[in-house]
>>> print(open('final-v2.cif').read())   # mmCIF, C-alpha atoms
data_final
loop_
_atom_site.label_atom_id
_atom_site.label_comp_id
_atom_site.auth_asym_id
_atom_site.auth_seq_id
_atom_site.Cartn_x
_atom_site.Cartn_y
_atom_site.Cartn_z
CA MET A 1 8.25 25.64 26.72
CA PRO A 2 8.40 23.05 23.88
CA GLU A 3 7.63 19.48 24.87
CA THR A 4 10.16 16.71 24.23
CA MET A 5 9.30 13.12 23.49
CA PRO A 6 11.67 10.16 23.00
CA PHE A 7 11.67 8.25 19.73
CA THR A 8 9.91 4.90 19.84
CA PRO A 9 11.97 1.85 18.75
CA LEU A 10 10.00 1.91 15.48
CA GLU A 11 10.90 5.54 14.81
CA GLU A 12 14.54 4.92 15.65
CA MET A 13 14.75 1.88 13.36
CA THR A 14 13.15 3.78 10.48
CA HIS A 15 15.40 6.79 11.05
CA HIS A 16 18.50 4.59 10.83
CA LEU A 17 17.22 2.93 7.63
CA ASP A 18 16.50 6.36 6.16
CA GLU A 19 19.99 7.62 7.00
CA THR A 20 21.77 4.48 5.73
CA PHE A 21 19.94 3.88 2.44
CA GLN A 22 17.67 5.94 0.18
CA PRO A 23 15.23 8.32 1.91
CA TRP A 24 12.23 6.55 3.43
CA ASN A 25 9.52 9.05 2.50
CA MET A 26 5.82 8.41 1.98
CA GLN A 27 4.18 9.76 -1.17
CA GLY A 28 0.67 11.22 -0.91
CA GLU A 29 -0.54 13.01 -4.02
CA ILE A 30 -3.75 14.63 -5.24
CA GLU A 31 -4.55 15.49 -8.84
CA SER A 32 -7.33 18.07 -8.67
CA THR A 33 -9.51 20.15 -10.94
CA GLY A 34 -9.18 22.96 -8.40
CA THR A 35 -6.65 25.79 -8.07
CA VAL A 36 -4.91 26.07 -4.70
CA ASP A 37 -4.52 29.33 -2.75
CA ILE A 38 -0.99 29.08 -1.33
CA GLU A 39 -1.48 31.52 1.55
CA ARG A 40 -4.66 29.75 2.69
CA LEU A 41 -2.95 26.36 2.38
CA GLU A 42 0.02 27.43 4.50
CA ALA A 43 -2.33 28.61 7.23
CA ALA A 44 -4.16 25.27 7.01
CA THR A 45 -0.92 23.33 7.53
CA ALA A 46 -0.40 25.08 10.89
CA THR A 47 -4.00 24.37 11.93
CA ALA A 48 -3.53 20.69 11.04
CA MET A 49 -0.34 20.60 13.15
CA GLU A 50 -2.41 21.47 16.22
CA TYR A 51 -4.36 18.26 15.63
CA HIS A 52 -1.30 16.21 14.63
CA PRO A 53 1.74 17.46 16.60
CA LEU A 54 4.33 15.19 14.94
CA ALA A 55 3.79 17.11 11.69
CA SER A 56 5.55 20.09 13.32
CA ALA A 57 8.19 18.14 15.26
CA ARG A 58 11.96 18.46 14.98
CA ARG A 59 14.57 15.95 16.09
CA ARG A 60 16.72 17.27 18.89
CA PRO A 61 20.35 17.41 17.67
CA SER A 62 22.29 14.50 19.12
CA THR A 63 25.83 13.20 19.45
CA LEU A 64 27.08 9.66 18.86
CA THR A 65 27.40 9.19 22.63
CA ASP A 66 23.75 10.05 23.33
CA THR A 67 21.59 7.08 24.19
CA ARG A 68 18.33 8.13 22.54
CA TYR A 69 16.76 10.43 19.99
CA GLU A 70 14.10 12.92 21.01
CA TRP A 71 11.36 14.84 19.25
CA ILE A 72 10.84 18.51 20.07
CA LEU A 73 7.19 19.55 19.74
CA PRO A 74 6.84 23.35 19.32
CA ASP A 75 4.29 25.21 21.46
CA ASP A 76 3.22 27.38 18.53
CA PRO A 77 3.97 25.48 15.30
CA GLU A 78 4.87 27.52 12.26
CA PRO A 79 3.08 26.79 8.98
CA LEU A 80 4.90 24.92 6.25
CA ASP A 81 6.50 26.92 3.46
CA VAL A 82 4.57 25.43 0.55
CA ILE A 83 6.65 24.95 -2.59
CA GLU A 84 5.16 26.16 -5.89
CA VAL A 85 6.28 24.84 -9.31
CA ASP A 86 4.90 25.63 -12.78
CA SER A 87 4.11 22.45 -14.73
CA ASP A 88 5.10 24.21 -17.98
CA GLU A 89 8.63 24.73 -16.68
CA VAL A 90 9.61 21.51 -14.85
CA PRO A 91 8.73 17.88 -15.78
CA LEU A 92 6.57 16.04 -13.23
CA GLU A 93 9.06 13.25 -12.56
CA GLU A 94 11.78 15.79 -11.75
CA VAL A 95 9.50 17.52 -9.24
CA ARG A 96 8.40 14.20 -7.75
CA ASN A 97 11.98 13.06 -7.22
CA ARG A 98 12.83 16.34 -5.54
CA ILE A 99 9.81 16.25 -3.22
CA TYR A 100 9.81 12.52 -2.40
CA GLY A 101 13.47 11.69 -3.00
CA GLU A 102 15.21 14.28 -0.83
CA ARG A 103 15.98 13.22 2.72
CA PHE A 104 14.45 15.31 5.51
CA ASP A 105 16.87 16.99 7.88
CA LEU A 106 14.66 16.41 10.88
CA THR A 107 16.79 18.65 13.10
CA GLU A 108 16.03 21.63 10.85
CA GLU A 109 12.68 21.00 9.17
CA ALA A 110 9.29 19.52 9.86
CA PRO A 111 8.80 15.92 8.64
CA VAL A 112 6.28 17.02 5.99
CA ARG A 113 6.74 18.96 2.75
CA ILE A 114 4.02 20.06 0.35
CA CYS A 115 4.40 21.20 -3.25
CA ILE A 116 1.75 22.68 -5.57
CA TYR A 117 2.41 21.70 -9.18
CA ARG A 118 0.53 24.42 -11.04
CA GLY A 119 -1.56 23.15 -13.95
CA GLY A 120 -0.41 19.57 -13.43
CA GLY A 121 -3.70 18.23 -12.09
CA LEU A 122 -6.95 17.28 -13.81
CA ASP A 123 -8.31 19.49 -16.62
CA GLY A 124 -5.68 22.16 -15.98
CA GLY A 125 -6.12 22.16 -12.20
CA ASP A 126 -3.31 21.80 -9.68
CA ARG A 127 -1.51 18.71 -8.44
CA VAL A 128 -0.65 18.52 -4.73
CA LEU A 129 2.46 16.56 -3.72
CA GLN A 130 2.85 15.73 -0.01
CA SER A 131 5.97 13.97 1.19
CA THR A 132 6.06 12.65 4.77
CA SER A 133 9.13 11.24 6.48
CA HIS A 134 8.40 7.61 7.36
CA VAL A 135 10.06 8.29 10.73
CA ALA A 136 7.11 10.49 11.72
CA GLY A 137 4.28 8.82 9.83
CA ASP A 138 3.24 5.60 8.15
CA GLY A 139 0.67 5.41 5.33
CA LEU A 140 -2.29 6.03 7.62
CA GLY A 141 -0.42 8.84 9.37
CA THR A 142 0.29 10.49 6.02
CA LEU A 143 -3.40 10.30 5.13
CA ARG A 144 -4.56 11.62 8.53
CA TYR A 145 -2.44 14.77 8.28
CA SER A 146 -3.52 15.36 4.69
CA GLN A 147 -7.19 15.02 5.66
CA ALA A 148 -6.73 17.60 8.43
CA VAL A 149 -4.93 20.05 6.14
CA TRP A 150 -7.62 20.04 3.47
CA GLU A 151 -10.49 20.21 5.94
CA ALA A 152 -8.84 23.29 7.50
CA TYR A 153 -8.20 24.71 4.02
CA LYS A 154 -11.94 24.53 3.28
CA GLY A 155 -12.73 26.32 6.55
CA ASN A 156 -13.85 23.23 8.45
CA ASP A 157 -12.66 21.93 11.82
CA PRO A 158 -10.58 18.77 11.25
CA MET A 159 -11.78 15.64 13.01
CA ARG A 160 -9.98 15.05 16.29
CA ASP A 161 -8.49 11.69 17.09
CA PRO A 162 -10.01 9.87 20.09
CA VAL A 163 -6.57 9.86 21.75
CA THR A 164 -3.81 12.45 21.96
CA LEU A 165 -0.36 11.74 20.56
CA GLN A 166 0.95 11.23 24.09
CA GLU A 167 -1.86 8.81 24.93
CA SER A 168 -1.32 6.95 21.69
CA ARG A 169 2.31 6.31 22.55
CA SER A 170 1.49 4.88 25.94
CA PHE A 171 0.06 1.77 24.30
CA LEU A 172 3.53 0.98 22.90
CA GLN A 173 4.84 0.88 26.44
CA ASP A 174 2.18 -1.72 27.20
CA ILE A 175 3.50 -4.02 24.45
CA GLY A 176 7.15 -3.40 25.26
CA VAL A 177 9.41 -5.71 27.23
CA ASN A 178 8.01 -5.62 30.75
CA ARG A 179 8.71 -9.15 31.97
CA ILE A 180 10.85 -12.21 31.25
CA ALA A 181 8.13 -13.77 29.08
CA ASP A 182 8.17 -10.68 26.85
CA ALA A 183 11.93 -10.96 26.41
CA VAL A 184 11.59 -14.63 25.48
CA GLU A 185 8.88 -13.72 22.97
CA GLY A 186 11.09 -11.05 21.44
CA ILE A 187 14.07 -13.41 21.12
CA ASP A 188 11.80 -16.03 19.56
CA SER A 189 10.61 -13.44 17.02
CA LEU A 190 14.20 -12.66 16.01
CA ALA A 191 14.99 -16.38 15.75
CA ARG A 192 11.93 -16.91 13.56
CA ARG A 193 13.07 -14.11 11.26
CA ALA A 194 16.48 -15.72 10.98
CA ARG A 195 15.01 -19.16 10.19
CA GLU A 196 12.71 -17.72 7.53
CA SER A 197 15.59 -15.86 5.89
CA ILE A 198 18.01 -18.71 5.24
CA THR A 199 17.94 -17.89 1.54
CA ARG A 200 17.66 -14.47 -0.04
CA PRO A 201 14.39 -13.91 -1.92
CA THR A 202 14.61 -13.79 -5.70
CA GLY A 203 14.71 -10.27 -7.04
CA LEU A 204 12.48 -8.90 -9.77
CA ALA A 205 13.98 -9.03 -13.26
CA ARG A 206 15.03 -5.64 -14.57
CA ASP A 207 13.36 -4.23 -17.66
CA GLY A 208 14.74 -1.03 -19.12
CA GLY A 209 16.43 0.00 -15.88
CA ARG A 210 19.49 2.21 -16.20
CA ASP A 211 22.33 3.12 -13.88
CA VAL A 212 20.76 6.43 -12.85
CA ASP A 213 19.53 7.82 -9.57
CA GLY A 214 15.92 8.54 -8.80
CA TRP A 215 12.51 6.94 -9.03
CA GLY A 216 9.81 6.40 -11.60
CA TYR A 217 6.05 6.18 -11.05
CA THR A 218 3.18 4.11 -12.43
CA ARG A 219 -0.42 3.26 -11.56
CA LEU A 220 -3.10 0.66 -12.17
CA ASP A 221 -6.83 1.33 -11.66
CA LEU A 222 -8.95 -1.81 -11.58
CA SER A 223 -12.32 -1.45 -13.26
CA GLN A 224 -15.40 -1.12 -11.08
CA GLU A 225 -16.65 -4.44 -12.43
CA LEU A 226 -13.41 -6.25 -11.54
CA THR A 227 -13.33 -4.58 -8.11
CA THR A 228 -16.89 -5.75 -7.45
CA ARG A 229 -15.99 -9.32 -8.37
CA LEU A 230 -12.81 -9.14 -6.30
CA VAL A 231 -14.81 -8.10 -3.23
CA ARG A 232 -17.76 -10.43 -3.88
CA ASP A 233 -16.28 -13.69 -5.16
CA ARG A 234 -14.09 -14.75 -2.26
CA PRO A 235 -14.27 -17.87 -0.09
CA ASP A 236 -14.53 -17.45 3.67
CA GLY A 237 -11.18 -16.69 5.24
CA ILE A 238 -9.75 -15.05 2.09
CA SER A 239 -9.45 -11.26 2.20
CA VAL A 240 -9.14 -8.82 -0.69
CA ASN A 241 -5.56 -8.25 0.45
CA ASP A 242 -4.90 -12.02 0.29
CA VAL A 243 -6.03 -12.03 -3.35
CA LEU A 244 -3.86 -9.03 -4.20
CA LEU A 245 -0.85 -10.58 -2.45
CA SER A 246 -1.34 -13.95 -4.16
CA ALA A 247 -1.76 -12.34 -7.58
CA LEU A 248 1.42 -10.34 -6.95
CA HIS A 249 3.41 -13.50 -6.18
CA LEU A 250 2.11 -15.08 -9.39
CA ALA A 251 2.85 -11.92 -11.39
CA MET A 252 6.42 -11.70 -10.07
CA ALA A 253 7.09 -15.34 -10.95
CA ASP A 254 5.53 -14.91 -14.41
CA TRP A 255 7.51 -11.71 -15.00
CA ASN A 256 10.78 -13.39 -14.10
CA ASP A 257 9.97 -16.41 -16.30
CA ARG A 258 9.37 -14.11 -19.26
CA HIS A 259 12.73 -12.48 -18.64
CA GLY A 260 14.58 -15.79 -18.32
CA LYS A 261 15.24 -15.43 -14.60
CA VAL A 262 14.99 -18.52 -12.39
CA THR A 263 12.66 -17.78 -9.48
CA GLY A 264 12.85 -19.47 -6.10
CA ARG A 265 11.48 -17.90 -2.94
CA LEU A 266 9.57 -14.62 -3.34
CA SER A 267 8.83 -12.21 -0.50
CA VAL A 268 6.42 -9.28 -0.21
CA MET A 269 6.81 -6.79 2.62
CA MET A 270 3.39 -6.14 4.17
CA PRO A 271 3.25 -3.37 6.80
CA VAL A 272 1.09 -4.28 9.80
CA ASN A 273 -0.78 -1.55 11.65
CA LEU A 274 -0.09 -1.84 15.39
CA ARG A 275 -2.81 0.67 16.34
CA PRO A 276 -5.55 -0.70 18.60
CA GLN A 277 -8.97 -1.21 17.03
CA GLU A 278 -10.44 1.84 18.80
CA TRP A 279 -8.28 4.20 16.70
CA PHE A 280 -7.09 1.82 14.00
CA HIS A 281 -7.14 4.43 11.19
CA GLN A 282 -6.17 7.50 13.20
CA VAL A 283 -3.22 9.38 14.77
CA MET A 284 -0.38 10.67 12.62
CA ALA A 285 2.60 8.59 13.75
CA MET A 286 4.77 5.65 12.73
CA TYR A 287 2.83 2.65 14.06
CA SER A 288 3.42 0.08 11.30
CA MET A 289 5.54 -3.03 11.77
CA PHE A 290 7.28 -4.63 8.78
CA GLU A 291 6.28 -8.24 8.08
CA SER A 292 6.82 -10.49 5.05
CA VAL A 293 4.52 -12.80 3.06
CA ARG A 294 6.52 -15.50 1.26
CA SER A 295 6.06 -18.20 -1.34
CA GLY A 296 8.25 -20.94 -2.79
CA ARG A 297 8.00 -22.63 -6.19
CA GLY A 298 5.83 -25.40 -4.80
CA ASP A 299 3.40 -22.91 -3.24
CA ARG A 300 2.81 -21.27 -6.63
CA ARG A 301 2.01 -24.43 -8.65
CA ASP A 302 -1.70 -24.05 -7.98
CA ALA A 303 -3.48 -20.72 -7.44
CA ALA A 304 -5.90 -22.16 -4.87
CA ASP A 305 -3.04 -23.61 -2.83
CA LEU A 306 -1.17 -20.31 -3.03
CA LEU A 307 -4.22 -18.41 -1.77
CA GLU A 308 -4.50 -20.77 1.18
CA HIS A 309 -0.76 -20.44 1.89
CA VAL A 310 -0.91 -16.63 1.75
CA ALA A 311 -4.09 -16.43 3.87
CA TRP A 312 -2.47 -18.66 6.51
CA GLN A 313 0.50 -16.27 6.68
CA THR A 314 -1.53 -13.06 6.79
CA THR A 315 -3.80 -14.46 9.49
CA ARG A 316 -0.76 -15.17 11.66
CA ILE A 317 0.87 -11.83 10.82
CA LYS A 318 -2.23 -9.82 11.73
CA GLU A 319 -2.45 -11.43 15.13
CA ARG A 320 -1.56 -8.58 17.45
CA ASP A 321 0.68 -10.68 19.66
CA ARG A 322 2.83 -11.75 16.71
CA ALA A 323 3.30 -8.21 15.40
CA ALA A 324 3.95 -7.01 18.95
CA ALA A 325 6.61 -9.70 19.40
CA LEU A 326 8.86 -8.07 16.81
CA TYR A 327 8.30 -4.69 18.44
CA LYS A 328 9.41 -6.26 21.73
CA ALA A 329 12.54 -7.51 19.98
CA LEU A 330 13.34 -3.94 18.91
CA ALA A 331 12.63 -2.67 22.42
CA MET A 332 15.12 -5.15 23.89
CA LEU A 333 18.12 -3.03 22.92
CA PRO A 334 19.49 -1.64 26.21
CA ASP A 335 18.97 2.08 26.68
CA GLU A 336 22.63 2.43 27.61
CA ILE A 337 23.86 1.55 24.08
CA PRO A 338 24.99 4.81 22.41
CA ILE A 339 23.28 6.00 19.25
CA GLY A 340 26.61 5.75 17.45
CA LEU A 341 26.51 1.95 17.77
CA ARG A 342 22.79 1.47 17.21
CA GLN A 343 22.84 3.44 13.99
CA GLU A 344 25.17 0.83 12.48
CA LEU A 345 22.49 -1.89 12.69
CA PRO A 346 21.07 -1.23 9.18
CA GLU A 347 24.52 -2.04 7.77
CA LEU A 348 23.64 -5.67 8.57
CA LEU A 349 21.25 -5.51 5.60
CA ARG A 350 24.18 -5.24 3.20
CA GLY A 351 25.91 -8.31 1.81
CA PRO A 352 24.62 -11.53 3.43
CA GLY A 353 22.03 -9.47 5.28
CA MET A 354 20.13 -8.92 2.02
CA ARG A 355 18.45 -12.23 2.83
CA LEU A 356 16.34 -10.23 5.27
CA THR A 357 14.95 -7.96 2.53
CA ASP A 358 11.91 -8.50 0.31
CA THR A 359 11.27 -8.71 -3.42
CA ILE A 360 8.64 -5.98 -3.37
CA ILE A 361 6.56 -3.86 -0.92
CA LEU A 362 2.76 -3.81 -0.86
CA THR A 363 1.06 -1.30 1.45
CA ASN A 364 -2.72 -1.55 1.49
CA LEU A 365 -4.59 1.37 3.09
CA GLY A 366 -7.88 -0.48 2.60
CA ASN A 367 -11.16 1.28 1.94
CA ILE A 368 -10.96 5.08 2.22
CA PRO A 369 -14.48 6.53 2.44
CA THR A 370 -13.33 10.14 2.01
CA TYR A 371 -10.08 11.12 0.33
CA PRO A 372 -8.72 14.66 0.86
CA SER A 373 -10.12 17.18 -1.63
CA VAL A 374 -9.05 20.70 -2.57
CA GLY A 375 -12.61 22.07 -2.71
CA THR A 376 -16.23 21.17 -2.12
CA ASP A 377 -17.01 20.83 -5.83
CA THR A 378 -13.67 19.66 -7.23
CA GLU A 379 -12.71 16.28 -8.62
CA GLU A 380 -9.62 14.47 -7.34
CA ARG A 381 -7.47 11.52 -8.28
CA PRO A 382 -5.04 10.14 -5.65
CA PHE A 383 -1.56 8.67 -5.84
CA PHE A 384 0.05 7.00 -2.83
CA THR A 385 3.22 4.91 -2.47
CA PRO A 386 5.50 3.60 0.28
CA PRO A 387 9.29 4.02 0.01
CA SER A 388 11.35 1.90 -2.34
CA TRP A 389 15.09 1.46 -1.88
CA GLU A 390 18.06 -0.59 -3.07
CA GLY A 391 17.05 -3.61 -0.98
CA THR A 392 13.46 -3.60 -2.27
CA PRO A 393 13.40 -1.47 -5.44
CA VAL A 394 9.62 -1.52 -6.08
CA GLY A 395 6.95 -0.22 -3.69
CA LEU A 396 3.22 -0.55 -4.36
CA GLY A 397 0.45 1.31 -2.55
CA VAL A 398 -3.17 0.15 -2.64
CA ALA A 399 -6.34 2.06 -1.77
CA SER A 400 -10.02 1.35 -2.41
CA LEU A 401 -11.76 4.56 -3.49
CA ASP A 402 -15.10 5.25 -5.16
CA GLY A 403 -15.81 1.56 -5.56
CA ARG A 404 -12.52 0.81 -7.31
CA VAL A 405 -9.20 -0.67 -6.21
CA ARG A 406 -6.30 1.55 -7.24
CA ILE A 407 -2.68 0.40 -7.21
CA PHE A 408 0.19 2.90 -7.33
CA GLY A 409 3.85 2.11 -7.99
CA ARG A 410 7.17 3.79 -7.23
CA TYR A 411 10.37 2.11 -8.42
CA LEU A 412 14.08 2.78 -8.67
CA ARG A 413 15.08 3.76 -12.20
CA THR A 414 17.78 1.11 -12.00
CA GLN A 415 14.90 -1.43 -12.01
CA PHE A 416 12.55 -0.25 -14.76
CA ASP A 417 12.05 2.41 -17.36
CA GLN A 418 8.50 3.71 -17.80
CA ASP A 419 7.56 1.08 -20.38
CA GLY A 420 8.99 -1.71 -18.22
CA ALA A 421 7.08 -0.50 -15.14
CA ASP A 422 3.82 -0.26 -17.09
CA ARG A 423 4.35 -3.77 -18.48
CA PHE A 424 4.88 -5.13 -14.97
CA MET A 425 1.67 -3.47 -13.76
CA SER A 426 -0.14 -4.95 -16.77
CA THR A 427 1.20 -8.39 -15.82
CA TYR A 428 -0.09 -7.83 -12.29
CA ALA A 429 -3.51 -6.79 -13.59
CA THR A 430 -3.72 -9.96 -15.70
CA HIS A 431 -3.01 -12.17 -12.69
CA ILE A 432 -5.53 -10.31 -10.51
CA GLU A 433 -8.19 -10.93 -13.14
CA GLN A 434 -7.23 -14.58 -13.60
CA LEU A 435 -7.28 -15.15 -9.85
CA VAL A 436 -10.70 -13.50 -9.52
CA GLU A 437 -11.97 -15.81 -12.29
CA ARG A 438 -10.56 -18.77 -10.37
CA LEU A 439 -12.24 -17.58 -7.18
CA ALA A 440 -15.60 -17.34 -8.93
CA ALA A 441 -15.22 -20.91 -10.16
CA MET A 442 -14.29 -22.06 -6.64
CA GLU A 443 -17.42 -20.37 -5.24
CA GLU A 444 -19.62 -22.26 -7.71
CA LEU A 445 -18.34 -25.65 -6.57
#
>>> encode(input="final-v2.cif", output="structure tokens")
Amino acid sequence: MPETMPFTPLEEMTHHLDETFQPWNMQGEIESTGTVDIERLEAATATAMEYHPLASARRRPSTLTDTRYEWILPDDPEPLDVIEVDSDEVPLEEVRNRIYGERFDLTEEAPVRICIYRGGGLDGGDRVLQSTSHVAGDGLGTLRYSQAVWEAYKGNDPMRDPVTLQESRSFLQDIGVNRIADAVEGIDSLARRARESITRPTGLARDGGRDVDGWGYTRLDLSQELTTRLVRDRPDGISVNDVLLSALHLAMADWNDRHGKVTGRLSVMMPVNLRPQEWFHQVMAMYSMFESVRSGRGDRRDAADLLEHVAWQTTRIKERDRAAALYKALAMLPDEIPIGLRQELPELLRGPGMRLTDTIILTNLGNIPTYPSVGTDTEERPFFTPPSWEGTPVGLGVASLDGRVRIFGRYLRTQFDQDGADRFMSTYATHIEQLVERLAAMEEL
């Protein structure tokens, strides 16, 4: 008999955002020199589901009077029906927008879809497009399922997580609202959010954007030499992510100045991984909390001051108790409130509620020792992005691979055209390099 499992508050919140605005889907892509065997890949998706049950889950149909959503986990998961598209017949952006831009009907389909774009990879190889509903998986969850699929595809046993899905969810109960102090902490977290959102963050100036639906895509690969300096030339207490965040704030302000847009407060959404250290990079699930890193005009006058301001924020954000406090705030909603009322909460983000949104999203997966590969002797190039939507129209994904930092972008076409997006990424690259130069000078003092 299939097992059922209630949604966590994080999954419910993300599901409501997905239903209210643009689809919240994660993009995980592989350009490969290899050619994929569809039948073998479909079998591998079912094998990977045995290791990562949420990849096969369905949402139990519900009514507006129900008080919770539930996952249904099949006993014998069926493999995914892999989509196959010829690169000579359909443009890449059209395929990408279909795979990543279509909302999952979680009552009817698994929260993962995979497409093979024939001949669209490296040197005539295939490109693999994997879309994962953010309800079922964050960036690390997307990567974990992909790793399992391609290990199974190559005939290997995927690595098992140290905890089962059920065990992994029990830790959320431990950080939920279990006592009066937890409730106070949750209320304080909501109050802090309200205080920090008195004014709406300045948006990013448009460049070439048109009134059309869909997304565009861009990427920035830092050189190995710049990556080495970025990792090496940092004062104590300043992380690589702090440098990337600070450079992004400077780039956004510079970009707006060049476009004649007055810039006040800027805000970058930075997902925070709630997983415990013992399985920090494992388990396919949605275990990321949304936090914001902000700067005002005064903070950006001096790069060193901005770095210190950003590092102070990220240090506080990454404290487990602080991230858990917002989760407790979500968990405070009484179970008796019907879904029909709770699903209206994202509507608060419209109008005045846009003050709670961010200028841009930056999701950093950190260092990835082994990225999924199609074969044992193939070459691969990755592409990964978080969702972008009308409230935050640009999403950047970061991963460190093969000794280089790689930055991937997905943006609404109302925001940029391709040239505009590439110019913004070039502006970002300039500020990363300038900040690294400044760091080197600070280290010499």
>>> atom_distance(input="final-v2.cif", atom1="CA of Ser223 (chain A)", atom2="CA of Pro382 (chain A)")
15.7 Å
>>> closest_atom_pairs(input="final-v2.cif", of="region 76-154 of chain A", to="region 389-406 of chain A", cutoff="12 Å", atoms="only C-alpha atoms", output="Markdown table")
| residue | atom | partner | partner_atom | distance |
| --- | --- | --- | --- | --- |
| A:Gly101 | CA | A:Trp389 | CA | 10.4 |
| A:Asp138 | CA | A:Gly397 | CA | 11.9 |
| A:Gly139 | CA | A:Gly397 | CA | 8.9 |
| A:Leu140 | CA | A:Ala399 | CA | 11.0 |
| A:Leu143 | CA | A:Ala399 | CA | 11.1 |
>>> residues_around(input="final-v2.cif", residues="Ile99 (chain A)", least_positions_apart="3", cutoff="10 Å", atoms="all atoms listed in the file", output="ChimeraX atom specification")
/A:25,27,83,93-96,102-104,112-115,129-132
>>> closest_residue(input="final-v2.cif", among="A:Pro162, A:Asn273, A:Thr370, A:Tyr100", to="Gly28 (chain A)", atoms="all atoms listed in the file")
A:Tyr100
>>> closest_residue(input="final-v2.cif", among="A:Pro61, A:Glu50, A:Gly121, A:Pro23", to="Glu379 (chain A)", atoms="only C-alpha atoms")
A:Gly121
>>> residues_around(input="final-v2.cif", residues="Val149 (chain A)", least_positions_apart="4", cutoff="7 Å", atoms="only C-alpha atoms", output="list in words")
Ala44, Thr45, Ala48, Tyr145 and Tyr153 of chain A
>>> closest_residue(input="final-v2.cif", among="A:Ile407, A:Val163, A:Ile360, A:Leu307", to="Ser388 (chain A)", atoms="all atoms listed in the file")
A:Ile360
>>> residues_near_point(input="final-v2.cif", point="(-3.0, -16.8, -1.0)", cutoff="8 Å", atoms="all atoms listed in the file", output="VMD selection string")
chain A and resid 238 242 to 243 245 to 246 303 to 312
>>> atom_distance(input="final-v2.cif", atom1="CA of Glu70 (chain A)", atom2="CA of Ser288 (chain A)")
19.3 Å
>>> closest_residue(input="final-v2.cif", among="A:His134, A:Arg68, A:His431, A:His259", to="Gly208 (chain A)", atoms="only C-alpha atoms")
A:His259
>>> closest_residue(input="final-v2.cif", among="A:Thr4, A:Gln313, A:Gln22, A:Ser373", to="Thr35 (chain A)", atoms="all atoms listed in the file")
A:Ser373
>>> residues_near_point(input="final-v2.cif", point="(0.4, -4.8, 11.3)", cutoff="7 Å", atoms="only C-alpha atoms", output="compact mmCIF listing (two decimals) with C-alpha atoms, in the coordinates of the input")
# COMPACT_ATOMS: atom_id res chain seq x y z
CA PRO A 271 3.25 -3.37 6.80
CA VAL A 272 1.09 -4.28 9.80
CA ASN A 273 -0.78 -1.55 11.65
CA LEU A 274 -0.09 -1.84 15.39
CA SER A 288 3.42 0.08 11.30
CA MET A 289 5.54 -3.03 11.77
CA LYS A 318 -2.23 -9.82 11.73
CA ALA A 323 3.30 -8.21 15.40
>>> residues_around(input="final-v2.cif", residues="Gln418 (chain A)", least_positions_apart="3", cutoff="9 Å", atoms="only C-alpha atoms", output="PyMOL selection string")
chain A and resi 208-209+216-218+413+421-423
>>> resolve_selection(input="final-v2.cif", expression="the PyMOL selection byres ((chain A and resi 10) around 9)", output="JSON list (two decimals) with C-alpha atoms, keeping the file's coordinate frame")
[["chain", "number", "residue", "atom", "x", "y", "z"],
["A", 7, "PHE", "CA", 11.67, 8.25, 19.73],
["A", 8, "THR", "CA", 9.91, 4.90, 19.84],
["A", 9, "PRO", "CA", 11.97, 1.85, 18.75],
["A", 11, "GLU", "CA", 10.90, 5.54, 14.81],
["A", 12, "GLU", "CA", 14.54, 4.92, 15.65],
["A", 13, "MET", "CA", 14.75, 1.88, 13.36],
["A", 14, "THR", "CA", 13.15, 3.78, 10.48],
["A", 15, "HIS", "CA", 15.40, 6.79, 11.05],
["A", 135, "VAL", "CA", 10.06, 8.29, 10.73],
["A", 286, "MET", "CA", 4.77, 5.65, 12.73],
["A", 287, "TYR", "CA", 2.83, 2.65, 14.06],
["A", 288, "SER", "CA", 3.42, 0.08, 11.30],
["A", 289, "MET", "CA", 5.54, -3.03, 11.77],
["A", 327, "TYR", "CA", 8.30, -4.69, 18.44],
["A", 330, "LEU", "CA", 13.34, -3.94, 18.91],
["A", 331, "ALA", "CA", 12.63, -2.67, 22.42]]
>>> atom_distance(input="final-v2.cif", atom1="CA of Glu151 (chain A)", atom2="CA of Pro276 (chain A)")
24.9 Å
>>> closest_residue(input="final-v2.cif", among="A:Arg410, A:Arg200, A:Arg40, A:Arg59", to="Met5 (chain A)", atoms="all atoms listed in the file")
A:Arg59
>>> residues_around(input="final-v2.cif", residues="Gly119 (chain A)", least_positions_apart="3", cutoff="12 Å", atoms="only C-alpha atoms", output="MDAnalysis selection string")
chainID A and resid 31:36 84:92 116 122:128
>>> resolve_selection(input="final-v2.cif", expression="the PyMOL selection byres ((chain A and resi 433) around 12)", output="PyMOL selection string")
chain A and resi 222-223+225-230+233+243-244+246-248+250-251+426-432+434-440
